[in-house]
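Reviewing the structure listed below.
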There are 2 protein chains.
Amino acid sequence: MNKIILLNNRPTGKPQASDFKFTDENKPEIAKGEILLKTKFVSVDPYLRGRMSNAESYVEPFKLNKPISSGCIAEVVESKNESFKKGDFVSGSLDWKEYQVSNGKGLLTIDASIAPLSTYLGILGMTGLTAYLGLTEIGVPKKGETIVVSGAAGAVGSVVGQIGKILGCHVVGIAGTDEKVAMLKSKFGFDDAINYNTTKDIKKAIATACPNGIDVYFDNVGGDISDNVHANINRFGRIIVCGAISAYNETSVPTGPRVEHFLIRKSVLMQGFIIGNYVEKFPEGIKQLSKWLQEGKLTYTETIVEGFDTIPQAFMDLFEGKNTGKMIVKI
Amino acid sequence: MNKIILLNNRPTGKPQASDFKFTDENKPEIAKGEILLKTKFVSVDPYLRGRMSNAESYVEPFKLNKPISSGCIAEVVESKNESFKKGDFVSGSLDWKEYQVSNGKGLLTIDASIAPLSTYLGILGMTGLTAYLGLTEIGVPKKGETIVVSGAAGAVGSVVGQIGKILGCHVVGIAGTDEKVAMLKSKFGFDDAINYNTTKDIKKAIATACPNGIDVYFDNVGGDISDNVHANINRFGRIIVCGAISAYNETSVPTGPRVEHFLIRKSVLMQGFIIGNYVEKFPEGIKQLSKWLQEGKLTYTETIVEGFDTIPQAFMDLFEGKNTGKMIVKI
């Protein structure tokens with residue numbers, strides 16, 4: 001039998017176990033032109049929370065009682081398609097199923113000899129591309145400028161900081177535990193990092209860590225933390241609005257200080273970033289990230305949990321900050 | 001004697017008469033290289049409110065007990081500077097004084113035969129340039145797109161709408177009286193206009209007036225009105241944050257729905273606009289605006305009040321919406 005995870009309820013507030021339903025079906029069979037895939041790695045990401053709601057967004061909402069999908073790495077275990085052969089590994093958006101059939105459309109064959117398979121969900125996948133393209137396409141940091149990253153110990157944030165350092169910037173991260181703060185400095189080379197849970201005056205701490213103000217803010221979290229970053233932004237600052245995990249589980253739009261005033265006063269640009277808008281830049285991005293990875297200039301962290309049945313819990317743990325770096329489920 | 005208006009207090013909330021002080025001095029005399037200017041027209045603008053506060057901003061705050069300054073048109077009544085002759089008219093940032101001395105730096109000689117003098121404070125001055133450069137540099141509207149303008153009957157707003165129509169866009173304005181709404185449609189050619197004071201469901205009214213959604217939002221007001229516009233914005237929308245008059249008199253930063261969510265969901269760009277950042281584009285802008293004005297494609301409205309002593313009241317009236325189009329004091 002073939003296990004599947006369906007969306008059982010649209011979550012209200014934080015997702016919970018009862019929002020997911022396990023079911024099974026007969027192991028599928030393939031027809032001409034198709035391949036049979038065995039799921040090896042599943043990426044769980046905060047943005048999936050948005051797709052579980054029924055709200056209009058840049059990707060279609062998941063359907064109730066249908067399989068949830070996300071970025072996955074799978075092995076081709078049977079092929080009736082000339083472009084794929086048994087033993088190939090592919091990455092792409094796949095259903096949360098142990099086995100599934102595909103016609104190969106949208107799948108990318110990946111080379112397991114260059115880097116571990118899971119990196120194609122992380123630093124050489126959407127995570128790395130989000131960090132690289134968000135920072136360079138919207139942030140456009142210049143050497144010597146200051147970059148602040150929120151959610152800095154997260155999958156995207158830790159890569160943003162490293163790229164910032166490669167580009168010659170002063171980089172400051174914001175994260176939620178002393179462990180993460182220490183890691184940002186020791187492992188990822190951030191110039192400074194701030195624990196938002198234990199720092200009394202975050203605005204002042206940011207000002208101290210950024211003596212020349214902030215030119216680029218890569219925002220993964222939104223909320224109060226961002227208010228304190230905004231207060232320190234420089235004239236002509238650029239804000240990459242990449243995520244707002246602080247609000248994903250809110251049932252209504254949260255309120256906060258209006259931004260219009262500082263946007264005008266400081267001539268600041270604030271732009272929503274979605275990796276899907278930059279597909280034509282993926283090859284360039286992967287090439288650059290692979291080069292830096294091979295040169296030893298980039299490192300990464302994964303939180304890998306095991307077993308198909310743990311996928312919902314791994315997803316829920318994202319909202320408790322239990323992951324360090326990319327959260328991946330190994331099947 | 002020579003009358004002068006000084007900043008007496010930094011306003012708290014709405015500016016009031018006691019924030020201004022009238023004084024006088026002897027009529028100044030000029031030295032070699034200088035000119036004596038007689039003020040003819042004074043521009044009063046919402047952004048001056050910001051300069052009356054002590055907050056850090058893109059221009060220096062006014063000093064207490066020193067003259068306030070703004071865009072003015074003056075006549076050269078005496079000249080010991082080769083670049084100016086008696087009878088010339090100039091525009092530039094000048095003090096609120098009946099007469100003043102200048103070395104000519106930063107002053108532009110203007111041609112009274114092309115258009116009335118006051119237009120150089122309005123449609124051929126900062127107002128027209130703000131509309132033109134804000135719309136084209138940040139908004140980048142494409143033919144067939146929909147533009148919404150808040151503060152549409154204001155000096156900048158009415159020009160934005162007309163340029164939008166010249167560029168082949170669907171243009172909808174938001175204003176505060178039925179008179180203004182009627183004028184936007186009849187005089188300035190807006191496709192539709194909404195009275196925010198009498199419309200019960202503004203969000204719905206905007207949706208009805210913009211059947212294809214909103215691609216470009218030229219925001220002069222901020223606040224609740226903008227929340228309702230944001231709710232109707234299209235994917236890849238551009239928001240020119242040009243003014244936030246709704247908040248200029250607030251004593252603390254007003255709160256409202258956080259914007260990060262819709263910026264991400266719709267891949268929207270939101271950018272603070274200040275005309276001073278685009279000085280190198282002024283000649284191109286004035287050329288284009290003059291051309292459209294001479295071709296009869298642009299029209300404008302001024303509210304002209306008379307007398308040096310009325311300057312503070314004219315400024316205060318801006319925050320009551322008493323002006324239609326550019327507010328100017330004729331001396």
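Ordered as shown in the structure tokens, chains take letters A, B, and onward, while each chain numbers its residues from 1 and ligands are numbered from 1 in the order shown.
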
Residues near Gly237 of chain B, cut-off 12 Å, only C-alpha atoms, skip fewer than 3 positions along chain, as a ChimeraX atom specification: /A:271-272 /B:138-142,145-148,213-218,229-234,240,262-271

Expected answer as a PyMOL selection string: chain A residues within 9 Å of chain B, only C-alpha atoms: chain A and resi 56-59+222-223+235-236+241-244+247-248+253-274+277

Minimum-distance residue to Ala131 of chain A, chosen among A:Ile110, A:Met52, A:Leu289, A:Asp191 (using only C-alpha atoms):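 The closest residue to Ala131 of chain A is A:Leu289.
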
Using only C-alpha atoms: which of A:Asp24, A:Lys281, A:Ile331, A:Lys80 has the shortest distance to Thr310 of chain A: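 For Thr310 of chain A, the nearest of the candidates is A:Ile331.
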
Out of segment 285-321 of chain B, which residues get helix (DSSP H, G or I) from DSSP, as a PDB file with N, CA and C atoms, in the first residue's frame?
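Resulting contents of selection.pdb:
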```
ATOM      1  N   GLY B 285      11.573  66.447 -17.432  1.00  0.00           N
ATOM      2  CA  GLY B 285      10.204  66.517 -16.926  1.00  0.00           C
ATOM      3  C   GLY B 285       9.518  67.824 -17.298  1.00  0.00           C
ATOM      4  N   ILE B 286      10.233  68.939 -17.110  1.00  0.00           N
ATOM      5  CA  ILE B 286       9.636  70.249 -17.425  1.00  0.00           C
ATOM      6  C   ILE B 286       9.350  70.346 -18.925  1.00  0.00           C
ATOM      7  N   LYS B 287      10.246  69.797 -19.724  1.00  0.00           N
ATOM      8  CA  LYS B 287      10.056  69.808 -21.176  1.00  0.00           C
ATOM      9  C   LYS B 287       8.773  69.059 -21.562  1.00  0.00           C
ATOM     10  N   GLN B 288       8.621  67.866 -20.986  1.00  0.00           N
ATOM     11  CA  GLN B 288       7.445  67.046 -21.301  1.00  0.00           C
ATOM     12  C   GLN B 288       6.158  67.710 -20.814  1.00  0.00           C
ATOM     13  N   LEU B 289       6.203  68.246 -19.593  1.00  0.00           N
ATOM     14  CA  LEU B 289       5.001  68.877 -19.026  1.00  0.00           C
ATOM     15  C   LEU B 289       4.620  70.133 -19.819  1.00  0.00           C
ATOM     16  N   SER B 290       5.616  70.937 -20.204  1.00  0.00           N
ATOM     17  CA  SER B 290       5.338  72.146 -20.997  1.00  0.00           C
ATOM     18  C   SER B 290       4.696  71.773 -22.326  1.00  0.00           C
ATOM     19  N   LYS B 291       5.218  70.710 -22.926  1.00  0.00           N
ATOM     20  CA  LYS B 291       4.691  70.254 -24.218  1.00  0.00           C
ATOM     21  C   LYS B 291       3.217  69.872 -24.073  1.00  0.00           C
ATOM     22  N   TRP B 292       2.914  69.044 -23.069  1.00  0.00           N
ATOM     23  CA  TRP B 292       1.529  68.623 -22.862  1.00  0.00           C
ATOM     24  C   TRP B 292       0.629  69.815 -22.526  1.00  0.00           C
ATOM     25  N   LEU B 293       1.183  70.769 -21.764  1.00  0.00           N
ATOM     26  CA  LEU B 293       0.394  71.962 -21.394  1.00  0.00           C
ATOM     27  C   LEU B 293       0.077  72.781 -22.645  1.00  0.00           C
ATOM     28  N   GLN B 294       1.091  72.974 -23.498  1.00  0.00           N
ATOM     29  CA  GLN B 294       0.882  73.758 -24.716  1.00  0.00           C
ATOM     30  C   GLN B 294      -0.044  73.043 -25.699  1.00  0.00           C
ATOM     31  N   PHE B 308       0.497  88.769   2.070  1.00  0.00           N
ATOM     32  CA  PHE B 308       1.585  88.163   2.836  1.00  0.00           C
ATOM     33  C   PHE B 308       1.093  87.621   4.183  1.00  0.00           C
ATOM     34  N   ASP B 309       0.185  88.353   4.819  1.00  0.00           N
ATOM     35  CA  ASP B 309      -0.270  87.965   6.161  1.00  0.00           C
ATOM     36  C   ASP B 309      -1.093  86.685   6.176  1.00  0.00           C
ATOM     37  N   THR B 310      -1.578  86.249   5.014  1.00  0.00           N
ATOM     38  CA  THR B 310      -2.441  85.061   4.973  1.00  0.00           C
ATOM     39  C   THR B 310      -1.642  83.756   4.818  1.00  0.00           C
ATOM     40  N   ILE B 311      -0.311  83.864   4.686  1.00  0.00           N
ATOM     41  CA  ILE B 311       0.484  82.643   4.432  1.00  0.00           C
ATOM     42  C   ILE B 311       0.237  81.557   5.485  1.00  0.00           C
ATOM     43  N   PRO B 312       0.326  81.874   6.802  1.00  0.00           N
ATOM     44  CA  PRO B 312       0.121  80.783   7.779  1.00  0.00           C
ATOM     45  C   PRO B 312      -1.272  80.157   7.661  1.00  0.00           C
ATOM     46  N   GLN B 313      -2.305  80.988   7.476  1.00  0.00           N
ATOM     47  CA  GLN B 313      -3.654  80.447   7.374  1.00  0.00           C
ATOM     48  C   GLN B 313      -3.796  79.558   6.137  1.00  0.00           C
ATOM     49  N   ALA B 314      -3.209  79.985   5.036  1.00  0.00           N
ATOM     50  CA  ALA B 314      -3.269  79.178   3.804  1.00  0.00           C
ATOM     51  C   ALA B 314      -2.629  77.817   4.052  1.00  0.00           C
ATOM     52  N   PHE B 315      -1.521  77.827   4.787  1.00  0.00           N
ATOM     53  CA  PHE B 315      -0.851  76.565   5.107  1.00  0.00           C
ATOM     54  C   PHE B 315      -1.754  75.684   5.982  1.00  0.00           C
ATOM     55  N   MET B 316      -2.348  76.292   7.006  1.00  0.00           N
ATOM     56  CA  MET B 316      -3.209  75.514   7.910  1.00  0.00           C
ATOM     57  C   MET B 316      -4.424  74.952   7.175  1.00  0.00           C
ATOM     58  N   ASP B 317      -4.923  75.712   6.200  1.00  0.00           N
ATOM     59  CA  ASP B 317      -6.111  75.281   5.450  1.00  0.00           C
ATOM     60  C   ASP B 317      -5.869  74.007   4.628  1.00  0.00           C
ATOM     61  N   LEU B 318      -4.600  73.735   4.321  1.00  0.00           N
ATOM     62  CA  LEU B 318      -4.283  72.514   3.562  1.00  0.00           C
ATOM     63  C   LEU B 318      -4.789  71.283   4.294  1.00  0.00           C
TER      64      LEU B 318
END
```

Exercise: Cys72 of chain B partners within 7 Å, only C-alpha atoms, chain neighbours under 2 positions left out, as a ChimeraX atom specification: /B:41-43,70,74,91-94,121

For segment 7-12 of chain A: contacts at 10 Å, only C-alpha atoms, fewer than 5 positions along chain excluded, given as a PyMOL selection string: chain A and resi 17-22+49-54+61-69+249-251

Contacts of Met183 of chain B within 12 Å, only C-alpha atoms, excl. fewer than 2 positions in-chain, as a PyMOL selection string: chain B and resi 152-154+158+161+173-181+185-195+299-301+324-325

Residues of the last selection are to be written out with C-alpha atoms, as a short mmCIF file (atom, residue, chain, number, x, y, z; two decimals), in the first residue's frame.
```
data_model
loop_
_atom_site.label_atom_id
_atom_site.label_comp_id
_atom_site.auth_asym_id
_atom_site.auth_seq_id
_atom_site.Cartn_x
_atom_site.Cartn_y
_atom_site.Cartn_z
CA ALA B 152 -6.76 63.10 -6.35
CA ALA B 153 -8.11 66.66 -6.32
CA GLY B 154 -4.90 67.93 -4.74
CA SER B 158 -4.96 65.98 -10.42
CA GLY B 161 -4.59 61.43 -13.19
CA GLY B 173 -9.40 59.16 -8.17
CA ILE B 174 -10.30 59.32 -4.49
CA ALA B 175 -11.26 62.67 -2.98
CA GLY B 176 -13.26 64.09 -0.09
CA THR B 177 -16.21 66.05 -1.52
CA ASP B 178 -18.79 65.56 -4.26
CA GLU B 179 -17.57 68.77 -5.86
CA LYS B 180 -14.05 67.41 -6.12
CA VAL B 181 -15.30 64.08 -7.43
CA LYS B 185 -14.31 63.50 -13.97
CA SER B 186 -15.39 66.62 -15.84
CA LYS B 187 -12.27 68.77 -15.74
CA PHE B 188 -9.39 66.32 -15.34
CA GLY B 189 -10.76 63.39 -17.33
CA PHE B 190 -10.58 60.71 -14.63
CA ASP B 191 -12.59 57.63 -15.65
CA ASP B 192 -14.16 57.44 -12.22
CA ALA B 193 -13.86 59.03 -8.80
CA ILE B 194 -14.92 58.10 -5.28
CA ASN B 195 -15.91 60.36 -2.38
CA THR B 299 -4.99 71.51 -17.27
CA TYR B 300 -4.62 72.61 -13.66
CA THR B 301 -6.38 74.24 -10.77
CA THR B 324 -8.46 72.53 -4.82
CA GLY B 325 -5.26 71.93 -6.69
#
```

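Around Gly122 of chain B, within 8 Å and counting only C-alpha atoms, the residues found are Gly128, Ala155 and Lys326 of chain B, once anything fewer than 6 positions away on its own chain is removed.
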
Please dump the current selection as a short mmCIF file (atom, residue, chain, number, x, y, z; two decimals), in the first residue's frame; keep C-alpha atoms.
```
data_model
loop_
_atom_site.label_atom_id
_atom_site.label_comp_id
_atom_site.auth_asym_id
_atom_site.auth_seq_id
_atom_site.Cartn_x
_atom_site.Cartn_y
_atom_site.Cartn_z
CA GLY B 128 3.98 68.72 -11.92
CA ALA B 155 -2.19 69.70 -6.64
CA LYS B 326 -2.15 73.88 -5.91
#
```

Atomic distance atom CA of Gly71 of chain B - atom CA of Lys86 of chain B, expressed in Å with one decimal: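 Computing it gives 20.6 Å between the two atoms.
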
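Contact shell of Ile304 of chain A at 8 Å (only C-alpha atoms; same-chain neighbours under 6 positions omitted): A:Met327, A:Ile328, A:Val329, A:Lys330.
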
Point-to-point distance in Å for atom CA of Ala112 of chain A and atom CA of Ile35 of chain A: 19.0 Å

Two-atom distance - atom CA of Met126 of chain A, atom CA of Glu34 of chain A (Å):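 The value is 25.2 Å.
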
Given only C-alpha atoms as the counted atoms, nearest of B:Gly33, B:Ile73, B:Lys165, B:Glu98 to Lys143 of chain B: B:Lys165
